[in-house]
file input36.cif (mmCIF, C-alpha atoms; chains and numbers go by the auth columns)
data_start
loop_
_atom_site.group_PDB
_atom_site.id
_atom_site.type_symbol
_atom_site.label_atom_id
_atom_site.label_comp_id
_atom_site.label_asym_id
_atom_site.label_seq_id
_atom_site.Cartn_x
_atom_site.Cartn_y
_atom_site.Cartn_z
_atom_site.B_iso_or_equiv
_atom_site.auth_seq_id
_atom_site.auth_asym_id
ATOM 1 C CA MET A 1 -191.375 76.091 48.510 0.00 9 I
ATOM 2 C CA ALA A 2 -193.457 73.480 46.717 0.00 10 I
ATOM 3 C CA ILE A 3 -194.482 74.260 43.166 0.00 11 I
ATOM 4 C CA VAL A 4 -198.123 73.595 42.407 0.00 12 I
ATOM 5 C CA PRO A 5 -198.290 72.512 38.751 0.00 13 I
ATOM 6 C CA SER A 6 -200.792 74.422 36.656 0.00 14 I
ATOM 7 C CA VAL A 7 -200.840 72.030 33.723 0.00 15 I
ATOM 8 C CA ASP A 8 -201.810 68.389 34.253 0.00 16 I
ATOM 9 C CA ALA A 9 -199.471 66.967 31.630 0.00 17 I
ATOM 10 C CA LYS A 10 -200.366 63.352 32.425 0.00 18 I
ATOM 11 C CA ALA A 11 -204.062 63.960 31.837 0.00 19 I
ATOM 12 C CA LEU A 12 -203.358 65.888 28.653 0.00 20 I
ATOM 13 C CA LEU A 13 -201.220 63.101 27.236 0.00 21 I
ATOM 14 C CA ALA A 14 -203.889 60.521 28.058 0.00 22 I
ATOM 15 C CA ALA A 15 -206.481 62.391 25.981 0.00 23 I
ATOM 16 C CA ALA A 16 -205.133 62.386 22.443 0.00 24 I
ATOM 17 C CA GLY A 17 -207.864 60.715 20.380 0.00 25 I
ATOM 18 C CA HIS A 18 -208.859 63.952 18.693 0.00 26 I
ATOM 19 C CA ARG A 19 -205.421 64.588 17.184 0.00 27 I
ATOM 20 C CA PRO A 20 -204.866 64.340 13.406 0.00 28 I
ATOM 21 C CA TRP A 21 -201.705 62.285 14.060 0.00 29 I
ATOM 22 C CA PRO A 22 -200.203 60.464 17.074 0.00 30 I
ATOM 23 C CA LEU A 23 -198.353 62.267 19.828 0.00 31 I
ATOM 24 C CA PRO A 24 -194.745 62.988 18.864 0.00 32 I
ATOM 25 C CA PRO A 25 -191.942 60.818 20.230 0.00 33 I
ATOM 26 C CA GLY A 26 -189.840 61.982 23.131 0.00 34 I
ATOM 27 C CA ARG A 27 -190.690 64.186 26.055 0.00 35 I
ATOM 28 C CA TRP A 28 -192.421 67.537 25.874 0.00 36 I
ATOM 29 C CA LEU A 29 -190.301 70.554 26.742 0.00 37 I
ATOM 30 C CA LEU A 30 -192.721 73.310 27.779 0.00 38 I
ATOM 31 C CA ALA A 31 -196.084 73.329 29.542 0.00 39 I
ATOM 32 C CA GLN A 32 -198.097 76.517 29.210 0.00 40 I
ATOM 33 C CA ARG A 33 -201.546 77.897 29.869 0.00 41 I
ATOM 34 C CA TRP A 34 -202.875 80.282 27.236 0.00 42 I
ATOM 35 C CA GLU A 35 -205.577 82.623 28.499 0.00 43 I
ATOM 36 C CA ASP A 36 -208.134 85.061 27.073 0.00 44 I
ATOM 37 C CA LEU A 37 -207.335 84.465 23.425 0.00 45 I
ATOM 38 C CA ALA A 38 -208.944 86.117 20.446 0.00 46 I
ATOM 39 C CA PHE A 39 -208.591 84.627 16.969 0.00 47 I
ATOM 40 C CA VAL A 40 -209.061 87.657 14.734 0.00 48 I
ATOM 41 C CA HIS A 41 -208.938 86.446 11.140 0.00 49 I
ATOM 42 C CA TYR A 42 -208.768 88.329 7.873 0.00 50 I
ATOM 43 C CA GLU A 43 -209.348 86.716 4.507 0.00 51 I
ATOM 44 C CA VAL A 44 -206.608 87.666 2.056 0.00 52 I
ATOM 45 C CA ASP A 45 -205.623 86.919 -1.517 0.00 53 I
ATOM 46 C CA PRO A 46 -204.111 83.389 -1.626 0.00 54 I
ATOM 47 C CA ASN A 47 -201.565 84.210 -4.327 0.00 55 I
ATOM 48 C CA ALA A 48 -200.298 87.307 -2.521 0.00 56 I
ATOM 49 C CA LEU A 49 -200.016 85.373 0.734 0.00 57 I
ATOM 50 C CA ALA A 50 -198.260 82.386 -0.855 0.00 58 I
ATOM 51 C CA ARG A 51 -195.542 84.676 -2.216 0.00 59 I
ATOM 52 C CA ARG A 52 -194.671 85.709 1.343 0.00 60 I
ATOM 53 C CA LEU A 53 -193.985 82.187 2.569 0.00 61 I
ATOM 54 C CA PRO A 54 -190.486 80.683 2.739 0.00 62 I
ATOM 55 C CA ASP A 55 -189.522 77.964 0.289 0.00 63 I
ATOM 56 C CA GLY A 56 -190.548 74.548 1.534 0.00 64 I
ATOM 57 C CA LEU A 57 -193.885 75.682 2.981 0.00 65 I
ATOM 58 C CA GLU A 58 -197.126 75.308 1.033 0.00 66 I
ATOM 59 C CA LEU A 59 -200.034 77.634 1.775 0.00 67 I
ATOM 60 C CA ASP A 60 -202.983 75.774 3.286 0.00 68 I
ATOM 61 C CA THR A 61 -206.422 77.015 2.245 0.00 69 I
ATOM 62 C CA TRP A 62 -209.997 76.269 3.237 0.00 70 I
ATOM 63 C CA GLU A 63 -212.211 75.806 0.187 0.00 71 I
ATOM 64 C CA GLY A 64 -209.698 77.882 -1.758 0.00 72 I
ATOM 65 C CA ARG A 65 -209.753 80.743 0.772 0.00 73 I
ATOM 66 C CA ALA A 66 -206.642 81.975 2.619 0.00 74 I
ATOM 67 C CA PHE A 67 -206.501 83.621 6.027 0.00 75 I
ATOM 68 C CA VAL A 68 -204.129 85.555 8.241 0.00 76 I
ATOM 69 C CA GLY A 69 -204.788 85.579 11.971 0.00 77 I
ATOM 70 C CA VAL A 70 -203.976 88.183 14.629 0.00 78 I
ATOM 71 C CA VAL A 71 -204.060 86.366 17.967 0.00 79 I
ATOM 72 C CA PRO A 72 -203.669 88.281 21.255 0.00 80 I
ATOM 73 C CA PHE A 73 -203.537 86.342 24.527 0.00 81 I
ATOM 74 C CA GLU A 74 -201.657 85.915 27.798 0.00 82 I
ATOM 75 C CA ILE A 75 -199.324 83.074 28.785 0.00 83 I
ATOM 76 C CA THR A 76 -199.267 81.981 32.407 0.00 84 I
ATOM 77 C CA PHE A 77 -197.562 79.307 34.509 0.00 85 I
ATOM 78 C CA ASP A 78 -194.898 78.310 32.020 0.00 86 I
ATOM 79 C CA ARG A 79 -192.821 75.246 32.997 0.00 87 I
ATOM 80 C CA MET A 80 -189.868 73.481 31.419 0.00 88 I
ATOM 81 C CA PHE A 81 -189.673 69.757 32.221 0.00 89 I
ATOM 82 C CA GLY A 82 -191.726 70.500 35.330 0.00 90 I
ATOM 83 C CA ARG A 83 -189.439 73.252 36.598 0.00 91 I
ATOM 84 C CA VAL A 84 -190.707 76.694 37.382 0.00 92 I
ATOM 85 C CA ALA A 85 -190.299 79.299 34.656 0.00 93 I
ATOM 86 C CA PRO A 86 -187.466 81.825 35.001 0.00 94 I
ATOM 87 C CA PRO A 87 -188.384 85.297 36.264 0.00 95 I
ATOM 88 C CA GLY A 88 -189.940 87.339 33.508 0.00 96 I
ATOM 89 C CA ALA A 89 -191.285 84.315 31.634 0.00 97 I
ATOM 90 C CA ASP A 90 -193.875 83.029 34.104 0.00 98 I
ATOM 91 C CA ARG A 91 -196.633 85.419 33.003 0.00 99 I
ATOM 92 C CA PHE A 92 -196.639 87.703 29.975 0.00 100 I
ATOM 93 C CA CYS A 93 -198.728 88.947 27.065 0.00 101 I
ATOM 94 C CA GLU A 94 -198.117 87.692 23.552 0.00 102 I
ATOM 95 C CA LEU A 95 -199.643 88.515 20.174 0.00 103 I
ATOM 96 C CA ASN A 96 -199.091 86.385 17.089 0.00 104 I
ATOM 97 C CA VAL A 97 -199.527 87.088 13.394 0.00 105 I
ATOM 98 C CA ARG A 98 -199.959 83.750 11.659 0.00 106 I
ATOM 99 C CA THR A 99 -201.175 81.866 8.643 0.00 107 I
ATOM 100 C CA TYR A 100 -201.680 78.211 7.744 0.00 108 I
ATOM 101 C CA VAL A 101 -199.325 75.959 5.829 0.00 109 I
ATOM 102 C CA ARG A 102 -198.633 72.360 4.910 0.00 110 I
ATOM 103 C CA VAL A 103 -195.406 70.390 4.757 0.00 111 I
ATOM 104 C CA GLY A 104 -196.074 66.969 3.307 0.00 112 I
ATOM 105 C CA ASP A 105 -199.140 65.534 5.010 0.00 113 I
ATOM 106 C CA ALA A 106 -198.890 67.781 8.079 0.00 114 I
ATOM 107 C CA ALA A 107 -200.993 70.929 8.372 0.00 115 I
ATOM 108 C CA GLY A 108 -199.595 73.534 10.742 0.00 116 I
ATOM 109 C CA VAL A 109 -199.086 77.190 11.573 0.00 117 I
ATOM 110 C CA TYR A 110 -196.522 79.628 10.211 0.00 118 I
ATOM 111 C CA PHE A 111 -195.781 82.778 12.208 0.00 119 I
ATOM 112 C CA PHE A 112 -194.908 86.053 10.532 0.00 120 I
ATOM 113 C CA SER A 113 -194.269 87.603 13.947 0.00 121 I
ATOM 114 C CA LEU A 114 -194.690 86.977 17.663 0.00 122 I
ATOM 115 C CA ASP A 115 -194.754 90.069 19.873 0.00 123 I
ATOM 116 C CA ALA A 116 -194.133 89.425 23.568 0.00 124 I
ATOM 117 C CA ALA A 117 -193.851 91.607 26.650 0.00 125 I
ATOM 118 C CA SER A 118 -191.146 89.367 28.136 0.00 126 I
ATOM 119 C CA ARG A 119 -187.524 89.813 27.050 0.00 127 I
ATOM 120 C CA VAL A 120 -186.798 86.309 28.357 0.00 128 I
ATOM 121 C CA ALA A 121 -189.538 84.839 26.175 0.00 129 I
ATOM 122 C CA VAL A 122 -188.302 86.760 23.144 0.00 130 I
ATOM 123 C CA TRP A 123 -184.769 85.469 23.653 0.00 131 I
ATOM 124 C CA GLY A 124 -185.921 81.893 24.273 0.00 132 I
ATOM 125 C CA GLY A 125 -188.295 81.837 21.320 0.00 133 I
ATOM 126 C CA ARG A 126 -185.661 83.160 18.941 0.00 134 I
ATOM 127 C CA THR A 127 -182.857 80.986 20.307 0.00 135 I
ATOM 128 C CA TYR A 128 -184.547 77.620 20.805 0.00 136 I
ATOM 129 C CA TYR A 129 -187.451 77.761 18.366 0.00 137 I
ATOM 130 C CA ARG A 130 -186.097 79.967 15.545 0.00 138 I
ATOM 131 C CA LEU A 131 -189.265 82.052 15.691 0.00 139 I
ATOM 132 C CA PRO A 132 -189.460 85.775 14.805 0.00 140 I
ATOM 133 C CA TYR A 133 -190.154 87.028 18.326 0.00 141 I
ATOM 134 C CA VAL A 134 -189.972 90.774 18.986 0.00 142 I
ATOM 135 C CA HIS A 135 -190.280 92.805 22.171 0.00 143 I
ATOM 136 C CA ALA A 136 -193.390 94.939 22.679 0.00 144 I
ATOM 137 C CA ASP A 137 -195.124 97.070 25.276 0.00 145 I
ATOM 138 C CA MET A 138 -198.313 95.174 26.058 0.00 146 I
ATOM 139 C CA GLU A 139 -201.273 95.346 28.404 0.00 147 I
ATOM 140 C CA ILE A 140 -204.317 93.179 29.064 0.00 148 I
ATOM 141 C CA ARG A 141 -207.323 94.290 31.120 0.00 149 I
ATOM 142 C CA ARG A 142 -210.335 92.139 31.918 0.00 150 I
ATOM 143 C CA ASP A 143 -213.922 93.209 32.544 0.00 151 I
ATOM 144 C CA GLY A 144 -215.956 90.088 33.117 0.00 152 I
ATOM 145 C CA GLU A 145 -215.884 88.104 29.881 0.00 153 I
ATOM 146 C CA ASN A 146 -214.578 91.056 27.883 0.00 154 I
ATOM 147 C CA VAL A 147 -210.894 91.854 27.352 0.00 155 I
ATOM 148 C CA ALA A 148 -209.146 95.103 26.473 0.00 156 I
ATOM 149 C CA TYR A 149 -205.784 94.505 24.832 0.00 157 I
ATOM 150 C CA ARG A 150 -202.927 96.754 23.755 0.00 158 I
ATOM 151 C CA CYS A 151 -199.692 95.904 21.923 0.00 159 I
ATOM 152 C CA VAL A 152 -197.161 98.422 20.622 0.00 160 I
ATOM 153 C CA ARG A 153 -193.957 97.031 19.112 0.00 161 I
ATOM 154 C CA ARG A 154 -190.747 98.452 20.570 0.00 162 I
ATOM 155 C CA GLY A 155 -188.626 100.198 17.980 0.00 163 I
ATOM 156 C CA ALA A 156 -191.586 100.224 15.575 0.00 164 I
ATOM 157 C CA PRO A 157 -194.518 101.914 17.338 0.00 165 I
ATOM 158 C CA GLU A 158 -196.414 102.112 14.068 0.00 166 I
ATOM 159 C CA VAL A 159 -196.952 98.328 14.408 0.00 167 I
ATOM 160 C CA ALA A 160 -199.686 98.026 16.995 0.00 168 I
ATOM 161 C CA PHE A 161 -202.957 96.448 18.065 0.00 169 I
ATOM 162 C CA GLU A 162 -205.524 98.059 20.334 0.00 170 I
ATOM 163 C CA GLY A 163 -209.027 96.825 20.877 0.00 171 I
ATOM 164 C CA ARG A 164 -211.590 94.961 22.919 0.00 172 I
ATOM 165 C CA TYR A 165 -213.002 91.498 22.381 0.00 173 I
ATOM 166 C CA GLY A 166 -215.399 89.077 24.004 0.00 174 I
ATOM 167 C CA PRO A 167 -217.805 86.195 23.356 0.00 175 I
ATOM 168 C CA THR A 168 -221.184 86.505 21.675 0.00 176 I
ATOM 169 C CA GLY A 169 -222.345 82.918 22.051 0.00 177 I
ATOM 170 C CA PRO A 170 -221.838 79.613 23.857 0.00 178 I
ATOM 171 C CA VAL A 171 -218.569 77.690 24.068 0.00 179 I
ATOM 172 C CA ALA A 172 -218.218 74.528 21.985 0.00 180 I
ATOM 173 C CA PRO A 173 -215.508 72.604 20.124 0.00 181 I
ATOM 174 C CA ALA A 174 -215.252 73.275 16.411 0.00 182 I
ATOM 175 C CA ASP A 175 -217.047 70.880 14.085 0.00 183 I
ATOM 176 C CA PRO A 176 -214.631 68.733 12.053 0.00 184 I
ATOM 177 C CA GLY A 177 -214.152 70.162 8.578 0.00 185 I
ATOM 178 C CA SER A 178 -215.484 73.581 9.553 0.00 186 I
ATOM 179 C CA LEU A 179 -213.722 76.896 9.046 0.00 187 I
ATOM 180 C CA GLU A 180 -213.355 77.182 12.837 0.00 188 I
ATOM 181 C CA ALA A 181 -211.515 73.858 12.956 0.00 189 I
ATOM 182 C CA PHE A 182 -209.276 74.839 10.040 0.00 190 I
ATOM 183 C CA LEU A 183 -208.253 78.071 11.793 0.00 191 I
ATOM 184 C CA THR A 184 -207.650 76.673 15.275 0.00 192 I
ATOM 185 C CA GLU A 185 -207.148 72.900 15.396 0.00 193 I
ATOM 186 C CA ARG A 186 -203.459 72.931 14.493 0.00 194 I
ATOM 187 C CA TYR A 187 -201.011 70.665 16.278 0.00 195 I
ATOM 188 C CA CYS A 188 -197.662 71.817 14.934 0.00 196 I
ATOM 189 C CA LEU A 189 -195.862 74.888 13.686 0.00 197 I
ATOM 190 C CA PHE A 190 -193.235 75.289 10.993 0.00 198 I
ATOM 191 C CA THR A 191 -190.362 77.710 10.754 0.00 199 I
ATOM 192 C CA THR A 192 -187.146 78.098 8.762 0.00 200 I
ATOM 193 C CA ASP A 193 -183.595 79.228 9.400 0.00 201 I
ATOM 194 C CA ARG A 194 -181.346 81.564 7.417 0.00 202 I
ATOM 195 C CA ARG A 195 -180.232 78.705 5.196 0.00 203 I
ATOM 196 C CA GLY A 196 -183.806 77.891 4.277 0.00 204 I
ATOM 197 C CA ARG A 197 -183.968 74.675 6.289 0.00 205 I
ATOM 198 C CA VAL A 198 -187.460 73.785 7.523 0.00 206 I
ATOM 199 C CA TYR A 199 -188.158 72.959 11.179 0.00 207 I
ATOM 200 C CA ARG A 200 -191.217 71.614 12.939 0.00 208 I
ATOM 201 C CA CYS A 201 -192.486 71.961 16.498 0.00 209 I
ATOM 202 C CA ASP A 202 -195.300 69.716 17.701 0.00 210 I
ATOM 203 C CA ILE A 203 -197.828 70.820 20.305 0.00 211 I
ATOM 204 C CA HIS A 204 -200.694 69.130 22.106 0.00 212 I
ATOM 205 C CA HIS A 205 -203.846 70.347 23.774 0.00 213 I
ATOM 206 C CA ALA A 206 -207.507 69.437 24.119 0.00 214 I
ATOM 207 C CA PRO A 207 -209.914 70.516 21.376 0.00 215 I
ATOM 208 C CA TRP A 208 -210.260 74.280 21.511 0.00 216 I
ATOM 209 C CA PRO A 209 -213.175 75.494 23.669 0.00 217 I
ATOM 210 C CA LEU A 210 -214.297 78.183 21.229 0.00 218 I
ATOM 211 C CA ALA A 211 -217.006 80.809 21.373 0.00 219 I
ATOM 212 C CA PRO A 212 -218.071 83.101 18.559 0.00 220 I
ATOM 213 C CA GLY A 213 -216.783 86.566 19.337 0.00 221 I
ATOM 214 C CA CYS A 214 -216.844 90.204 18.438 0.00 222 I
ATOM 215 C CA ALA A 215 -213.958 92.659 18.372 0.00 223 I
ATOM 216 C CA GLU A 216 -213.992 96.442 18.588 0.00 224 I
ATOM 217 C CA ILE A 217 -210.625 97.249 17.034 0.00 225 I
ATOM 218 C CA GLU A 218 -209.297 100.762 17.445 0.00 226 I
ATOM 219 C CA ARG A 219 -206.012 100.061 15.667 0.00 227 I
ATOM 220 C CA ASP A 220 -204.569 96.995 13.962 0.00 228 I
ATOM 221 C CA THR A 221 -201.432 97.486 11.885 0.00 229 I
ATOM 222 C CA MET A 222 -199.891 94.110 12.722 0.00 230 I
ATOM 223 C CA LEU A 223 -200.126 92.934 9.110 0.00 231 I
ATOM 224 C CA ALA A 224 -198.286 95.926 7.662 0.00 232 I
ATOM 225 C CA PRO A 225 -194.788 94.355 7.995 0.00 233 I
ATOM 226 C CA VAL A 226 -196.096 91.299 6.129 0.00 234 I
ATOM 227 C CA GLY A 227 -197.041 93.524 3.206 0.00 235 I
ATOM 228 C CA ILE A 228 -200.724 92.662 3.450 0.00 236 I
ATOM 229 C CA GLU A 229 -203.288 95.204 4.617 0.00 237 I
ATOM 230 C CA PRO A 230 -206.729 93.986 5.692 0.00 238 I
ATOM 231 C CA GLN A 231 -209.490 95.307 3.494 0.00 239 I
ATOM 232 C CA GLY A 232 -212.163 96.101 6.025 0.00 240 I
ATOM 233 C CA PRO A 233 -213.161 94.451 9.306 0.00 241 I
ATOM 234 C CA PRO A 234 -212.155 90.920 10.316 0.00 242 I
ATOM 235 C CA THR A 235 -213.764 88.060 8.442 0.00 243 I
ATOM 236 C CA CYS A 236 -214.423 86.210 11.692 0.00 244 I
ATOM 237 C CA VAL A 237 -213.580 86.407 15.393 0.00 245 I
ATOM 238 C CA HIS A 238 -213.461 83.558 17.897 0.00 246 I
ATOM 239 C CA VAL A 239 -212.480 83.705 21.554 0.00 247 I
ATOM 240 C CA SER A 240 -211.365 81.157 24.124 0.00 248 I
ATOM 241 C CA ARG A 241 -211.011 81.600 27.863 0.00 249 I
ATOM 242 C CA SER A 242 -208.053 79.245 28.396 0.00 250 I
ATOM 243 C CA ILE A 243 -206.323 76.084 27.263 0.00 251 I
ATOM 244 C CA ASP A 244 -203.377 74.043 28.570 0.00 252 I
ATOM 245 C CA VAL A 245 -200.666 73.230 26.059 0.00 253 I
ATOM 246 C CA LEU A 246 -197.621 70.950 25.870 0.00 254 I
ATOM 247 C CA ILE A 247 -194.836 71.935 23.473 0.00 255 I
ATOM 248 C CA TRP A 248 -192.098 69.639 22.136 0.00 256 I
ATOM 249 C CA PRO A 249 -188.584 70.689 21.087 0.00 257 I
ATOM 250 C CA LEU A 250 -187.941 71.935 17.583 0.00 258 I
ATOM 251 C CA ARG A 251 -186.744 69.346 15.082 0.00 259 I
ATOM 252 C CA GLY A 252 -185.582 69.486 11.506 0.00 260 I
ATOM 253 C CA VAL A 253 -187.787 68.339 8.626 0.00 261 I
ATOM 254 C CA ARG A 254 -186.121 66.240 5.983 0.00 262 I
#
call {"tool": "encode", "arguments": {"input": "input36.cif", "output": "structure tokens"}}
result
Amino acid sequence: MAIVPSVDAKALLAAAGHRPWPLPPGRWLLAQRWEDLAFVHYEVDPNALARRLPDGLELDTWEGRAFVGVVPFEITFDRMFGRVAPPGADRFCELNVRTYVRVGDAAGVYFFSLDAASRVAVWGGRTYYRLPYVHADMEIRRDGENVAYRCVRRGAPEVAFEGRYGPTGPVAPADPGSLEAFLTERYCLFTTDRRGRVYRCDIHHAPWPLAPGCAEIERDTMLAPVGIEPQGPPTCVHVSRSIDVLIWPLRGVR
């Protein structure tokens, strides 16, 4: 049966003028579509957050302010070098807890955790990308432009997210230099191994089609394992309907 590609990798690669640095060398490994995302951000104390980062990573701040993001979404139509995704990894929910770091001149993302409903994705993310993936019971329900989302971590049900989110305004790319751009326009991630070695993974996508959003959060304890509790409601919420992404293999940072 013919596979209809969901991500037009050739078109994505041809549109790279917005990137902060050139496309990485070599061939991309994964093509994914990320759908119905919410960027739920909390402002936190920069010094407290910096102490929770591995050696080799420098906290990145916006006008001296530091943020942690809780990002629920769904991954669909995952491919590896154009091949169809294995069963269990072709469509699944994922929720990330992240902050923003720098290594040298590169600004990227650092993940404290990545909850996923797919055991295959958890295994692959831990094995090939050295990322702290964990298995969770997850559910996404859509009602027009609004999304109801639930994540409960397996083995640690006290770590959970439940809420609804949706747009409150028009979709537009983030203005360069804005807080929205700082929180979303990131084209690599950094991670470390048990020996403290730093690794980088480059990604590519179009500028984020963002809308201002609102979130009705019933429960959000995703930051508790990090040792940082949000003090009050989110600082800001942005949503995005979908974006196509290319992901390169992990590589060591000298």
call {"tool": "closest_residue", "arguments": {"input": "input36.cif", "among": "I:Gly177, I:Gly235, I:Pro62, I:Pro28", "to": "Ala115 in chain I", "atoms": "only C-alpha atoms"}}
result
I:Pro28
call {"tool": "resolve_selection", "arguments": {"input": "input36.cif", "expression": "the PyMOL selection byres ((chain I and resi 133-142) around 7)", "output": "list in words"}}
result
Phe120, Ser121, Leu122, Asp123, Ala124, Ala129, Val130, Trp131, Gly132, His143, Ala144, Thr199, Asp201 and Leu258 of chain I
call {"tool": "closest_residue", "arguments": {"input": "input36.cif", "among": "I:Ala182, I:Cys101, I:Leu21, I:Val111", "to": "Arg149 in chain I", "atoms": "only C-alpha atoms"}}
result
I:Cys101
call {"tool": "closest_residue", "arguments": {"input": "input36.cif", "among": "I:Arg35, I:Arg249, I:Arg227, I:Arg99", "to": "Arg150 in chain I", "atoms": "only C-alpha atoms"}}
result
I:Arg249
call {"tool": "atom_distance", "arguments": {"input": "input36.cif", "atom1": "CA of Leu45 in chain I", "atom2": "CA of Tyr108 in chain I"}}
result
17.8 Å
call {"tool": "closest_residue", "arguments": {"input": "input36.cif", "among": "I:Ile148, I:Leu187, I:Ala46, I:Val15", "to": "Gly221 in chain I", "atoms": "only C-alpha atoms"}}
result
I:Ala46
call {"tool": "closest_residue", "arguments": {"input": "input36.cif", "among": "I:Val247, I:Arg172, I:Trp256, I:Gln239", "to": "Glu224 in chain I", "atoms": "all atoms listed in the file"}}
result
I:Arg172
call {"tool": "closest_residue", "arguments": {"input": "input36.cif", "among": "I:Tyr195, I:Phe169, I:Tyr118, I:Phe100", "to": "Val78 in chain I", "atoms": "only C-alpha atoms"}}
result
I:Phe169
call {"tool": "atom_distance", "arguments": {"input": "input36.cif", "atom1": "CA of Trp70 in chain I", "atom2": "CA of Val105 in chain I"}}
result
18.2 Å
call {"tool": "atom_distance", "arguments": {"input": "input36.cif", "atom1": "CA of Arg208 in chain I", "atom2": "CA of Ile236 in chain I"}}
result
25.0 Å
call {"tool": "residues_around", "arguments": {"input": "input36.cif", "residues": "Phe81 in chain I", "least_positions_apart": "3", "cutoff": "6 Å", "atoms": "all atoms listed in the file", "output": "list in words"}}
result
Glu43, Asp44, Leu45 and Glu102 of chain I
call {"tool": "residues_near_point", "arguments": {"input": "input36.cif", "point": "(-200.5, 72.3, -0.4)", "cutoff": "9 Å", "atoms": "all atoms listed in the file", "output": "PyMOL selection string"}}
result
chain I and resi 65-69+109-113+115
